[in-house]
Amino acid sequence: MPFEFPGMGPLYLSLQLALTTTAVLLLFGTGLSWWLARTGTRFKPMIEAMVAMPMVLPPTVLGFYLLILMSPDGAIGGFWLRVTGDTLTFSFLGLVIASVLYSLPFVVQPLQNAFEGVSVQSMEAAATLGASPSDAFFSVAVPQARRGFLTATVMGFAHTLGEFGVVLMVGGNIPGQTRVVSIAIYDHVESLQYAQAHTLAAILLAATFVALFALYFLNRRWRND
Amino acid sequence: MLQILRNSLCFGLFLASFSQKVVADDAISVAVASNFYHVARQIADGFERGSGFRVRLSTGSSGKLYAQVLHGAPYHVLMSADQVVPQRLEQDGVAVAGSRFTYALGRLALWSRQRTLRGQSCLEALRAGQFRKLAVANDQLAPYGQAATEVISTLGLTDQLRNKLVIGENIAQTFQFVATGNATLGFVAYSQLLQPQVPEASCIWKVPSDQHAPIVQQAVLLRRAAEESGATQFLEYLAGADAARVIRANGYDPITQIHSKKY
């Protein structure tokens, strides 16, 4: 562990979880957002509603259903156990899956908005100039949607960093695996160790402020360009 | 428009009157640890019938209730799931000195709902170690967690079980881990297993109470209620024989020798 300060392990774990989740979401979320921005299917409102649901559902609801789904008796958890011999709940991987679902709308929505702003003409122009669809996507759509990518990255990251209810339900509070910073703060508050809680909370407060400040600052910059 | 203004003003005053005085009516506000809520409700029902007072129950973890009381929450009585919180409140001068007493002793149980353990002994399964996860409550936060840690250590299984432990934030979550099949075995409150709608157990080991330090649940009268006769009456009822019957029926050991305690 690069941090050897006592009590900082949960912070490091949260950072790891937020980075992994954001990376996964950018990978899959980009495809989904692009498709949502371009598709004419009549199922689009239904899919959009499903994507937005983690934003309005109480995290404990999401957590409880994940606990059941990922349980060794559940559909996904049972399959996973047969294939790997390990349970999904109480593991870092389980937390990544939960966080991907939990932060999905925070990545997909800004990306979809940004992609919807990419004009069909510019994509067609790229195609007439001989660009393959993936060429056109990376050299035309992505640069035009960069503010969407910025928002998606920062919001996905910050939202996962602050995640609590879902992790509480499926994590099992295992040091180094599932005891993330929000859980550690909760434990400190519950066991009346307010000083330790303050230290971690202050770091989290500062980190989220810096991330969000960077987001709004860069967003303004790029708009003015 | 004027009508709306006047109404909202009235409503504002109505709200303000609440913050002025805790009880505008004859209700007693009792903050109770979540794990004891359903038992407290039954006790409160009995008390209401006999006394004519009404009892309003608020729930939360003992730690949260402590923070709330410290910051002026309008409770008359606190029924904690431990003894630390009432002690702290006494030291902080927020609780009435000398009003603290033990109203129930919690009983620990090891249980499983895994089919392969049906008809087997939970204790033997724990010893054999042929399972994936054992759920226990956080021993820093939950008295049942502390007791479970103690039992595991008494059995000499601490090292053997270290990598199998999953920690619930409280006893309700620990129960949930076992009930949903995520943990094979779990140390929970025996009282939880007596509640309706509990999934069928494969095995239960009611841990003998001499295997760990007693799980002491204490209640205390809060300073802001010192003038409320209803609150002291409720505490007397809580220490009495009627309440003891309810407490026992719900899987706790009651403390019966405290009747003589005067407030």
# chains A, B, ... in the order shown; residues from 1 in each chain; ligands from 1
>>> closest_atom_pairs(of="chain B", to="chain A", cutoff="7 Å", atoms="only C-alpha atoms", output="Markdown table")
| residue | atom | partner | partner_atom | distance |
| --- | --- | --- | --- | --- |
| B:Gly63 | CA | A:Glu190 | CA | 4.7 |
| B:Lys64 | CA | A:Glu190 | CA | 6.4 |
| B:Gln140 | CA | A:Ser191 | CA | 6.5 |
| B:Leu141 | CA | A:Ser191 | CA | 5.4 |
| B:Val166 | CA | A:Gly172 | CA | 4.8 |
| B:Ile167 | CA | A:Gly172 | CA | 4.8 |
| B:Gly168 | CA | A:Gly172 | CA | 5.9 |
| B:Thr180 | CA | A:Ile68 | CA | 6.1 |
| B:Gly181 | CA | A:Ser71 | CA | 6.1 |
| B:Asn182 | CA | A:Ser71 | CA | 4.9 |
>>> atom_distance(atom1="CA of Leu111 (chain A)", atom2="CA of Glu124 (chain A)")
20.3 Å
>>> residues_around(residues="Ala104 (chain B)", least_positions_apart="3", cutoff="9 Å", atoms="only C-alpha atoms", output="NGL selection string")
:B and (81 or 215-218 or 244 or 247-248 or 252-255)
>>> select_by_dssp(residues="region 47-198 of chain B", states="strand (DSSP E)", output="PyMOL selection string")
chain B and resi 54-60+77-79+101-106+108-112+134-137+165-168+185-189
>>> residues_around(residues="Ala95 (chain B)", least_positions_apart="4", cutoff="10 Å", atoms="only C-alpha atoms", output="list of chain:residue names")
B:Val69, B:Leu70, B:His76, B:Val77, B:Leu78, B:Pro86, B:Gln87, B:Arg88, B:Leu89, B:Glu90, B:Gln91, B:Ser99, B:Arg100, B:Val220, B:Leu221, B:Leu222, B:Arg223, B:Arg224, B:Ala225, B:Ala226
>>> select_by_dssp(residues="region 45-198 of chain A", states="alpha helix (DSSP H)", output="number ranges by chain")
A: 45-56, 59-69, 75-84, 92-116, 120-128, 133-136, 142-144, 146-161, 165-171, 181-190, 194-198
>>> residues_around(residues="region 160-165 of chain A", least_positions_apart="4", cutoff="7 Å", atoms="only C-alpha atoms", output="JSON, numbers by chain")
{"A": [14, 15, 18, 59, 60, 63, 99, 103, 156, 169, 182, 183]}
>>> atom_distance(atom1="CA of Asn35 (chain B)", atom2="CA of Arg115 (chain B)")
27.1 Å
>>> atom_distance(atom1="CA of Leu105 (chain B)", atom2="CA of Val178 (chain B)")
22.9 Å
>>> closest_residue(among="B:Gly230, B:Val246, B:Ser61, B:Asn138", to="Ala184 (chain A)", atoms="only C-alpha atoms")
B:Asn138
>>> residues_around(residues="Thr184 (chain B)", least_positions_apart="3", cutoff="8 Å", atoms="only C-alpha atoms", output="ChimeraX atom specification")
/B:112-114,131-135,178,181
>>> decode(residues="region 80-156 of chain B", atoms="C-alpha atoms", output="tab-separated table (two decimals), in the first residue's frame")
chain	number	residue	atom	x	y	z
B	80	SER	CA	-30.08	1.97	24.40
B	81	ALA	CA	-28.83	-1.36	23.09
B	82	ASP	CA	-25.75	-1.05	25.27
B	83	GLN	CA	-24.56	0.54	28.48
B	84	VAL	CA	-21.90	2.82	27.02
B	85	VAL	CA	-24.30	5.38	25.54
B	86	PRO	CA	-26.39	5.83	28.72
B	87	GLN	CA	-23.16	6.11	30.74
B	88	ARG	CA	-21.80	8.77	28.39
B	89	LEU	CA	-25.06	10.71	28.55
B	90	GLU	CA	-24.87	10.61	32.34
B	91	GLN	CA	-21.28	11.90	32.26
B	92	ASP	CA	-22.26	14.60	29.77
B	93	GLY	CA	-24.92	15.75	32.22
B	94	VAL	CA	-27.67	15.20	29.67
B	95	ALA	CA	-29.21	12.28	31.54
B	96	VAL	CA	-30.57	12.33	35.07
B	97	ALA	CA	-27.89	10.93	37.38
B	98	GLY	CA	-28.93	7.67	39.01
B	99	SER	CA	-31.76	6.94	36.62
B	100	ARG	CA	-29.78	4.47	34.53
B	101	PHE	CA	-30.72	0.79	34.80
B	102	THR	CA	-30.54	-2.46	32.85
B	103	TYR	CA	-33.89	-3.37	31.32
B	104	ALA	CA	-32.91	-6.43	29.29
B	105	LEU	CA	-30.06	-8.83	28.60
B	106	GLY	CA	-29.53	-9.83	24.99
B	107	ARG	CA	-29.00	-13.44	23.99
B	108	LEU	CA	-26.67	-14.41	21.19
B	109	ALA	CA	-27.46	-17.14	18.65
B	110	LEU	CA	-25.56	-18.77	15.81
B	111	TRP	CA	-27.77	-19.70	12.87
B	112	SER	CA	-27.74	-20.79	9.28
B	113	ARG	CA	-30.26	-21.40	6.54
B	114	GLN	CA	-28.01	-23.36	4.25
B	115	ARG	CA	-29.78	-26.58	3.27
B	116	THR	CA	-26.73	-28.80	3.71
B	117	LEU	CA	-26.67	-27.92	7.39
B	118	ARG	CA	-30.25	-28.97	8.00
B	119	GLY	CA	-30.46	-31.15	11.09
B	120	GLN	CA	-26.78	-30.55	11.82
B	121	SER	CA	-25.33	-28.64	14.75
B	122	CYS	CA	-24.44	-25.02	13.98
B	123	LEU	CA	-21.67	-25.17	16.57
B	124	GLU	CA	-20.11	-28.23	14.96
B	125	ALA	CA	-20.33	-26.59	11.55
B	126	LEU	CA	-18.55	-23.55	12.97
B	127	ARG	CA	-15.81	-25.75	14.42
B	128	ALA	CA	-15.42	-27.82	11.25
B	129	GLY	CA	-14.96	-24.67	9.19
B	130	GLN	CA	-16.38	-26.14	5.98
B	131	PHE	CA	-18.18	-22.97	4.93
B	132	ARG	CA	-17.45	-19.75	3.08
B	133	LYS	CA	-18.53	-16.82	5.25
B	134	LEU	CA	-19.43	-16.17	8.86
B	135	ALA	CA	-21.37	-12.96	9.54
B	136	VAL	CA	-20.79	-11.13	12.81
B	137	ALA	CA	-21.75	-7.62	13.88
B	138	ASN	CA	-19.03	-5.00	14.14
B	139	ASP	CA	-17.51	-5.54	17.58
B	140	GLN	CA	-16.58	-1.87	17.85
B	141	LEU	CA	-20.20	-0.80	17.45
B	142	ALA	CA	-22.57	-3.58	18.39
B	143	PRO	CA	-22.69	-5.37	21.76
B	144	TYR	CA	-23.73	-8.54	19.92
B	145	GLY	CA	-20.60	-8.19	17.82
B	146	GLN	CA	-18.49	-7.93	20.95
B	147	ALA	CA	-20.15	-11.01	22.41
B	148	ALA	CA	-19.64	-12.95	19.16
B	149	THR	CA	-15.94	-12.07	19.08
B	150	GLU	CA	-15.66	-13.24	22.65
B	151	VAL	CA	-17.38	-16.56	21.94
B	152	ILE	CA	-15.18	-17.20	18.90
B	153	SER	CA	-12.12	-16.53	21.01
B	154	THR	CA	-13.39	-18.76	23.85
B	155	LEU	CA	-13.86	-21.55	21.31
B	156	GLY	CA	-10.27	-20.98	20.16
